[in-house]
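Asks: Got a structure for you, questions after.
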Amino acid sequence: MIYLDEAATTPLRRDVLAAMGPYLGPAFGNPSSHHELGEAARGGLEQARADVAVSLGARPGEVTFTSGGTESANTAVKGICLAQPRGRHVVVSAVEHPAVLESALWLGRIGYDVTLLDVDEHGAVDPGVLAAALRDDTTLVSVQHANNEVGTVQPVADLAAVAAERGVPFHTDAVQSAAWLDVDVTRLNVQALSLSAHKLGGPKGAGVLWVRRGTRFEPLVHGGGQQDGRRSGTEDVPGAVGLAAALRLARGGPSTAEEVAARRDRFVAAVLAGVPGARLTGHPTSRLPGHASFVLPGRSGESVLLDLERRGIVCSSGSACHAGSDEPSHVLTAMGLEREVAQTALRFTFGVAVTDHQLAETAAALVDVVG
């Protein structure tokens with residue numbers, strides 16, 4: 001099998017599983033318990049928090065462990081807006097992950113004004129468009145670091161600088177980017193960032209919300225006051241340890257990203273040369289290294305997907321978050337594609353283990369299937 005759907009999920013790394021092992025077995029205690037087993041679990045949890053902080057260029061006390069990227073994004077968008085005294089206006093891009101979009105729309109249902117930022121044909125937000133959308137009562141801006149469907153990398157540092165000029169907190173969804181891009185929160189100039197372990201070779205059900213110290217937010221999960229009251233509930237220690245290990249191990253450095261990007265470019269060229277009418281979606285260069293997405297006008301994306309799977313090639317027709325939906329991608333329609341064309345989308349996403357030979361085999365299979 002050739003697995004090319006890492007934007008949906010990644011296989012659990014052996015090193016990550018090994019790091020989690022002690023907390024799945026002998027150090028199984030509740031980290032809030034004041035006995036030896038509890039203290040052992042607490043030690044693992046706090047070390048994981050410190051490790052994540054190092055990866056993000058942050059303070060350990062700013063790191064909150066969650067159940068995944070969706071909870072982290074919900075808490076950032078809703079929690080910051082509900083706690084800010086500025087007003088009742090939230091700004092998000094039109095191509096956000098549903099966790100951000102639906103959170104913003106929920107705020108709209110309880111009386112907030114919601115502005116969806118237009119994007120260009122590549123799915124990118126122009127800082128000038130954001131500047132024009134900001135108001136004196138804007139409580140939050142949320143723009144993703146990189147798009148899950150088309151791989152476009154947003155100019156987050158520039159966008160955050162625009163928000164900072166008006167004193168508006170900025171959240172970025174780094175679920176897709178954390179494996180590849182610099183997620184140092186100081187360089188990004190953001191006030192909140194969310195990520196998920198299972199996109200990094202870590203376990204499902206584990207995520208992080210980072211919120212800069214001094215940024216007010218209302219917790220969404222109340223109870224026993226764990227994690228300094230930011231997210232109540234007994235912490236998932238193995239998940240936190242696994243996330244920290246995965247985040248530390250995921251990025252092999254600039255040279256690795258460049259190698260994967262070069263493979264991606266060769267794959268894209270082969271598909272565009274061999275499949276009549278195929279079009280690359282997303283930004284041609286400012287995109288995630290292991291991300292290639294296309295539309296095939298006149299073809300059925302789902303039927304091509306199934307034909308490729310019969311040949312042992314696993315990819316995606318779009319976001320896994322909308323599985324079972326026959327609606328066209330909101331990302332592609334926001335980029336200006338017609339509904340019929342958006343429904344022909346195919347997405348190939350991969351990591352460092354995928355070889356040039358496998359990608360060449362995939363391109364040849366796609367050419368054959370479409371032909």
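Residue numbering restarts at 1 for every chain of the structure tokens, chains are lettered A, B, ... in their displayed order, and ligands are numbered from 1 as they appear.
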Write out as a VMD selection string each polymer residue whose atoms come within 9 Å of Val369 in chain A, counting only C-alpha atoms; drop sequence neighbours fewer than 4 positions from it.
Replies: chain A and resid 304 307 to 308 364 to 365
Asks: Take the residues just selected and output them with C-alpha atoms as a CSV table (one decimal), in the first residue's frame.
Replies:
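For reference, out.csv as written:
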chain,number,residue,atom,x,y,z
A,304,VAL,CA,-10.9,8.1,-9.3
A,307,ASP,CA,-9.9,3.2,-8.6
A,308,LEU,CA,-6.6,4.2,-7.1
A,364,ALA,CA,1.4,6.7,-13.6
A,365,ALA,CA,-1.7,5.0,-11.9
Asks: Give me the residues within 7 Å of range 125-137 of chain A as a list in words, counting only C-alpha atoms and dropping any in the same chain fewer than 2 places off.
Replies: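 Within the cut-off, the hits are Arg86, Gly87, Arg88, His89, Leu117, Asp118, Val119, Asp120, Gly123, Thr139, Gln154, Asp158, Leu159 and Val162 of chain A.
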Asks: Between A:Leu346, A:Thr75, A:Val153, A:Asp228, which is the closest to Asp182 in chain A once you count only C-alpha atoms?
Replies: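 Closest candidate: A:Val153.
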Asks: Using backbone DSSP assignments, extract all strand (DSSP E or B) residues from range 222-320 of chain A; output them as a PyMOL selection string.
Replies: chain A and resi 279-280+287+291-295+313-314+316
Asks: Please identify all polymer residues within 10 Å of Ala197 in chain A, counting only C-alpha atoms, omitting same-chain residues fewer than 5 positions from it, and present them as a ChimeraX atom specification.
Replies: /A:9-10,12,67-69,175,178-179,202-208,239-240,242-247
Asks: The selected residues should be written to file as a tab-separated table (two decimals), in the first residue's frame (atoms: N, CA and C atoms).
Replies:
chain	number	residue	atom	x	y	z
A	9	THR	N	-4.57	11.75	8.77
A	9	THR	CA	-3.91	11.24	9.97
A	9	THR	C	-2.59	10.60	9.57
A	10	THR	N	-1.71	10.46	10.55
A	10	THR	CA	-0.40	9.87	10.32
A	10	THR	C	-0.26	8.60	11.16
A	12	LEU	N	1.25	6.15	13.91
A	12	LEU	CA	1.92	6.41	15.19
A	12	LEU	C	3.38	5.98	15.08
A	67	SER	N	-8.18	17.46	24.03
A	67	SER	CA	-8.49	16.20	23.37
A	67	SER	C	-8.15	16.21	21.89
A	68	GLY	N	-7.66	17.32	21.36
A	68	GLY	CA	-7.29	17.37	19.95
A	68	GLY	C	-7.41	18.77	19.38
A	69	GLY	N	-7.15	18.88	18.09
A	69	GLY	CA	-7.18	20.18	17.43
A	69	GLY	C	-8.55	20.83	17.45
A	175	VAL	N	-2.52	22.95	13.07
A	175	VAL	CA	-2.66	21.49	13.04
A	175	VAL	C	-1.90	20.89	11.86
A	178	ALA	N	2.40	22.14	11.86
A	178	ALA	CA	3.38	21.90	12.93
A	178	ALA	C	4.42	20.86	12.56
A	179	ALA	N	4.08	19.94	11.66
A	179	ALA	CA	5.05	18.92	11.27
A	179	ALA	C	6.12	19.46	10.33
A	202	GLY	N	1.76	11.23	16.24
A	202	GLY	CA	1.37	11.00	17.62
A	202	GLY	C	0.02	10.33	17.72
A	203	PRO	N	-0.50	10.18	18.94
A	203	PRO	CA	-1.77	9.47	19.14
A	203	PRO	C	-2.98	10.34	18.83
A	204	LYS	N	-4.07	9.71	18.44
A	204	LYS	CA	-5.34	10.41	18.28
A	204	LYS	C	-5.88	10.76	19.66
A	205	GLY	N	-6.65	11.85	19.71
A	205	GLY	CA	-7.26	12.25	20.97
A	205	GLY	C	-6.40	13.11	21.85
A	206	ALA	N	-5.32	13.67	21.32
A	206	ALA	CA	-4.44	14.54	22.10
A	206	ALA	C	-4.16	15.81	21.31
A	207	GLY	N	-4.28	16.94	21.98
A	207	GLY	CA	-4.01	18.22	21.32
A	207	GLY	C	-3.44	19.21	22.30
A	208	VAL	N	-3.11	20.38	21.78
A	208	VAL	CA	-2.56	21.46	22.60
A	208	VAL	C	-3.23	22.77	22.21
A	239	GLY	N	-1.28	10.52	26.31
A	239	GLY	CA	-1.50	11.36	25.13
A	239	GLY	C	-0.62	12.59	25.13
A	240	ALA	N	-0.50	13.23	26.29
A	240	ALA	CA	0.35	14.43	26.38
A	240	ALA	C	1.81	14.09	26.12
A	242	GLY	N	2.93	11.53	24.42
A	242	GLY	CA	3.05	11.18	23.01
A	242	GLY	C	3.06	12.40	22.11
A	243	LEU	N	2.22	13.37	22.42
A	243	LEU	CA	2.19	14.60	21.62
A	243	LEU	C	3.52	15.33	21.71
A	244	ALA	N	4.05	15.45	22.92
A	244	ALA	CA	5.32	16.16	23.09
A	244	ALA	C	6.43	15.47	22.31
A	245	ALA	N	6.46	14.13	22.37
A	245	ALA	CA	7.48	13.39	21.64
A	245	ALA	C	7.31	13.54	20.13
A	246	ALA	N	6.06	13.47	19.67
A	246	ALA	CA	5.80	13.60	18.24
A	246	ALA	C	6.18	14.97	17.71
A	247	LEU	N	5.86	16.00	18.48
A	247	LEU	CA	6.20	17.36	18.05
A	247	LEU	C	7.71	17.55	17.99
Asks: Hey, what does DSSP flag as helix (DSSP H, G or I) within range 125-220 of chain A? Can you give it to me as a PyMOL selection string?
Replies: chain A and resi 127-133+156-165+185-188+197-199
